[in-house]
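What follows is data37.csv (CSV, N, CA and C atoms).
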chain,number,residue,atom,x,y,z
A,1,MET,N,-30.2,0.0,4.1
A,1,MET,CA,-29.0,0.8,3.8
A,1,MET,C,-27.9,-0.1,3.2
A,2,HIS,N,-27.2,0.4,2.2
A,2,HIS,CA,-26.1,-0.3,1.5
A,2,HIS,C,-24.8,-0.1,2.2
A,3,GLU,N,-24.0,-1.1,2.3
A,3,GLU,CA,-22.7,-1.0,3.0
A,3,GLU,C,-21.6,-1.0,2.0
A,4,GLY,N,-20.7,-0.1,2.1
A,4,GLY,CA,-19.5,-0.1,1.2
A,4,GLY,C,-18.8,1.2,1.3
A,5,THR,N,-18.0,1.5,0.3
A,5,THR,CA,-17.2,2.7,0.2
A,5,THR,C,-17.6,3.4,-1.1
A,6,THR,N,-17.8,4.7,-1.0
A,6,THR,CA,-18.2,5.5,-2.2
A,6,THR,C,-17.0,6.1,-2.9
A,7,CYS,N,-17.0,5.9,-4.2
A,7,CYS,CA,-15.9,6.5,-5.1
A,7,CYS,C,-15.9,8.0,-5.0
A,8,GLN,N,-14.7,8.6,-4.8
A,8,GLN,CA,-14.6,10.0,-4.6
A,8,GLN,C,-14.9,10.8,-5.9
A,9,TRP,N,-14.9,10.1,-7.0
A,9,TRP,CA,-15.2,10.8,-8.3
A,9,TRP,C,-16.6,10.6,-8.8
A,10,CYS,N,-17.0,9.4,-9.0
A,10,CYS,CA,-18.3,9.1,-9.6
A,10,CYS,C,-19.4,8.8,-8.6
A,11,ARG,N,-19.0,8.6,-7.3
A,11,ARG,CA,-20.0,8.3,-6.2
A,11,ARG,C,-20.6,6.9,-6.3
A,12,THR,N,-20.0,6.0,-7.1
A,12,THR,CA,-20.4,4.6,-7.2
A,12,THR,C,-20.1,4.0,-5.8
A,13,LEU,N,-21.0,3.1,-5.4
A,13,LEU,CA,-20.7,2.4,-4.1
A,13,LEU,C,-19.9,1.1,-4.4
A,14,VAL,N,-18.8,1.0,-3.9
A,14,VAL,CA,-17.9,-0.2,-4.0
A,14,VAL,C,-18.3,-1.1,-2.8
A,15,PRO,N,-18.8,-2.3,-3.0
A,15,PRO,CA,-19.3,-3.1,-1.9
A,15,PRO,C,-18.2,-3.7,-1.1
A,16,ALA,N,-17.4,-2.9,-0.5
A,16,ALA,CA,-16.3,-3.3,0.4
A,16,ALA,C,-16.0,-2.2,1.4
A,17,THR,N,-15.5,-2.6,2.6
A,17,THR,CA,-15.2,-1.6,3.6
A,17,THR,C,-13.8,-1.6,4.1
A,18,THR,N,-13.1,-2.8,4.0
A,18,THR,CA,-11.7,-2.8,4.5
A,18,THR,C,-10.8,-2.5,3.3
A,19,ASP,N,-9.6,-2.1,3.6
A,19,ASP,CA,-8.6,-1.9,2.6
A,19,ASP,C,-8.4,-3.1,1.7
A,20,GLU,N,-8.2,-4.2,2.3
A,20,GLU,CA,-8.0,-5.5,1.6
A,20,GLU,C,-9.2,-5.8,0.6
A,21,GLN,N,-10.4,-5.6,1.1
A,21,GLN,CA,-11.6,-5.9,0.3
A,21,GLN,C,-11.7,-4.9,-0.9
A,22,LEU,N,-11.3,-3.6,-0.6
A,22,LEU,CA,-11.4,-2.6,-1.6
A,22,LEU,C,-10.3,-2.9,-2.7
A,23,PHE,N,-9.1,-3.2,-2.3
A,23,PHE,CA,-8.1,-3.6,-3.3
A,23,PHE,C,-8.6,-4.8,-4.2
A,24,LEU,N,-9.1,-5.8,-3.5
A,24,LEU,CA,-9.6,-7.0,-4.2
A,24,LEU,C,-10.7,-6.7,-5.2
A,25,ALA,N,-11.5,-5.6,-4.8
A,25,ALA,CA,-12.6,-5.2,-5.7
A,25,ALA,C,-12.2,-4.3,-6.8
A,26,GLY,N,-10.9,-4.0,-6.9
A,26,GLY,CA,-10.3,-3.2,-8.0
A,26,GLY,C,-10.3,-1.7,-7.7
A,27,ALA,N,-10.6,-1.3,-6.5
A,27,ALA,CA,-10.6,0.1,-6.1
A,27,ALA,C,-9.2,0.6,-6.0
A,28,VAL,N,-9.0,1.9,-6.2
A,28,VAL,CA,-7.7,2.6,-6.2
A,28,VAL,C,-7.7,3.6,-5.1
A,29,LEU,N,-6.6,3.5,-4.3
A,29,LEU,CA,-6.5,4.5,-3.2
A,29,LEU,C,-5.6,5.6,-3.5
A,30,ASP,N,-6.1,6.8,-3.3
A,30,ASP,CA,-5.2,8.0,-3.3
A,30,ASP,C,-5.0,8.4,-1.9
A,31,PRO,N,-3.8,8.5,-1.4
A,31,PRO,CA,-3.6,8.8,0.0
A,31,PRO,C,-4.2,10.1,0.5
A,32,VAL,N,-4.4,11.0,-0.3
A,32,VAL,CA,-5.0,12.3,0.1
A,32,VAL,C,-6.5,12.4,-0.1
A,33,ALA,N,-7.0,11.9,-1.3
A,33,ALA,CA,-8.4,12.1,-1.7
A,33,ALA,C,-9.3,10.9,-1.2
A,34,GLY,N,-8.7,9.7,-1.1
A,34,GLY,CA,-9.5,8.6,-0.7
A,34,GLY,C,-9.6,7.5,-1.7
A,35,TRP,N,-10.7,6.8,-1.7
A,35,TRP,CA,-10.9,5.6,-2.6
A,35,TRP,C,-11.7,6.0,-3.8
A,36,PHE,N,-11.3,5.3,-4.9
A,36,PHE,CA,-11.9,5.5,-6.2
A,36,PHE,C,-12.3,4.1,-6.7
A,37,CYS,N,-13.4,4.0,-7.4
A,37,CYS,CA,-13.9,2.6,-7.9
A,37,CYS,C,-13.0,2.0,-9.0
A,38,SER,N,-12.2,2.9,-9.7
A,38,SER,CA,-11.3,2.4,-10.7
A,38,SER,C,-10.2,3.4,-11.0
A,39,ASP,N,-9.2,2.9,-11.7
A,39,ASP,CA,-8.1,3.7,-12.1
A,39,ASP,C,-8.6,4.9,-13.0
A,40,GLY,N,-9.6,4.7,-13.8
A,40,GLY,CA,-10.1,5.7,-14.6
A,40,GLY,C,-10.7,6.9,-13.8
A,41,CYS,N,-11.4,6.6,-12.8
A,41,CYS,CA,-12.0,7.6,-11.9
A,41,CYS,C,-10.8,8.4,-11.2
A,42,ALA,N,-9.8,7.6,-10.7
A,42,ALA,CA,-8.7,8.3,-10.0
A,42,ALA,C,-8.0,9.2,-11.0
A,43,ARG,N,-7.8,8.8,-12.3
A,43,ARG,CA,-7.2,9.7,-13.2
A,43,ARG,C,-8.0,10.9,-13.5
A,44,GLN,N,-9.3,10.8,-13.7
A,44,GLN,CA,-10.2,11.9,-13.9
A,44,GLN,C,-10.1,12.9,-12.8
A,45,TYR,N,-10.1,12.4,-11.5
A,45,TYR,CA,-10.0,13.3,-10.4
A,45,TYR,C,-8.7,14.0,-10.4
A,46,ALA,N,-7.6,13.3,-10.7
A,46,ALA,CA,-6.3,14.0,-10.7
A,46,ALA,C,-6.3,15.0,-11.8
A,47,LEU,N,-6.9,14.8,-13.0
A,47,LEU,CA,-6.9,15.8,-14.0
A,47,LEU,C,-7.7,17.0,-13.6
A,48,ARG,N,-8.9,16.8,-13.1
A,48,ARG,CA,-9.8,17.8,-12.7
A,48,ARG,C,-9.2,18.7,-11.6
A,49,PHE,N,-8.6,18.2,-10.7
A,49,PHE,CA,-8.0,18.9,-9.5
A,49,PHE,C,-6.5,19.1,-9.6
A,50,ARG,N,-6.0,18.8,-10.7
A,50,ARG,CA,-4.5,19.0,-11.0
A,50,ARG,C,-3.6,18.4,-9.9
A,51,VAL,N,-4.0,17.2,-9.5
A,51,VAL,CA,-3.2,16.5,-8.5
A,51,VAL,C,-1.9,16.0,-9.2
A,52,GLN,N,-0.8,16.3,-8.6
A,52,GLN,CA,0.5,15.9,-9.1
A,52,GLN,C,0.9,14.6,-8.5
A,53,PRO,N,1.4,13.7,-9.3
A,53,PRO,CA,1.9,12.4,-8.7
A,53,PRO,C,3.0,12.6,-7.7
A,54,SER,N,3.1,11.7,-6.8
A,54,SER,CA,4.1,11.7,-5.7
A,54,SER,C,5.5,11.6,-6.4
A,55,ARG,N,6.4,12.4,-5.9
A,55,ARG,CA,7.8,12.4,-6.4
A,55,ARG,C,8.6,11.3,-5.8
A,56,THR,N,8.1,10.7,-4.7
A,56,THR,CA,8.8,9.7,-4.0
A,56,THR,C,8.6,8.3,-4.7
A,57,PRO,N,9.6,7.6,-5.1
A,57,PRO,CA,9.4,6.3,-5.7
A,57,PRO,C,8.9,5.3,-4.7
A,58,PRO,N,8.3,4.3,-5.1
A,58,PRO,CA,7.8,3.2,-4.2
A,58,PRO,C,9.0,2.7,-3.3
A,59,GLY,N,8.8,2.8,-2.0
A,59,GLY,CA,9.9,2.3,-1.1
A,59,GLY,C,11.0,3.2,-1.0
A,60,GLY,N,10.9,4.4,-1.6
A,60,GLY,CA,12.0,5.4,-1.6
A,60,GLY,C,11.8,6.4,-0.5
A,61,THR,N,12.8,7.4,-0.5
A,61,THR,CA,12.7,8.5,0.5
A,61,THR,C,12.9,9.8,-0.3
A,62,ARG,N,12.6,10.9,0.4
A,62,ARG,CA,12.8,12.2,-0.2
A,62,ARG,C,14.1,12.8,0.4
A,63,ALA,N,14.9,12.0,1.0
A,63,ALA,CA,16.2,12.5,1.7
A,63,ALA,C,17.1,13.1,0.6
A,64,SER,N,17.7,14.2,1.0
A,64,SER,CA,18.7,14.9,0.1
A,64,SER,C,20.0,14.1,0.1
A,65,ARG,N,20.6,14.3,-1.1
A,65,ARG,CA,21.9,13.6,-1.2
A,65,ARG,C,23.1,14.5,-0.9

Any chance you could put this one into structure tokens?
Amino acid sequence: MHEGTTCQWCRTLVPATTDEQLFLAGAVLDPVAGWFCSDGCARQYALRFRVQPSRTPPGGTRASR
């Protein structure tokens, strides 16, 4: 049995199991969908399922002004 994490789009096995290992392997995390083997797969998934990018800037909040 192979150990790793499966890409949510193309089903490729990324040979990593921890978040750090996945990032170092070039995998991309979508907080809702999971891990993708590449940015290309993450984009294809977003296009296919019409996933909207987060409106919250990195380190920002959604608090009203």

Just checking: using only C-alpha atoms, which residue out of A:Pro15, A:Gly26, A:Gly40, A:Pro31 ends up closest to Glu3 of chain A?
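The shortest atom-to-atom distance to Glu3 of chain A comes from A:Pro15.
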
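Between atom C of Leu29 of chain A and atom CA of His2 of chain A the interatomic distance comes to 21.9 Å.
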
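For the pair atom C of Ala27 of chain A and atom N of Asp39 of chain A, the separation is 6.1 Å.
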
By how many Å are atom CA of Trp9 of chain A and atom N of Leu24 of chain A apart?
18.3 Å

Find the residues around Thr12 of chain A up to 12 Å (only C-alpha atoms counted), leave out those fewer than 6 positions away in its own chain, and share them as a ChimeraX atom specification.
/A:2-6,27,35-38,41
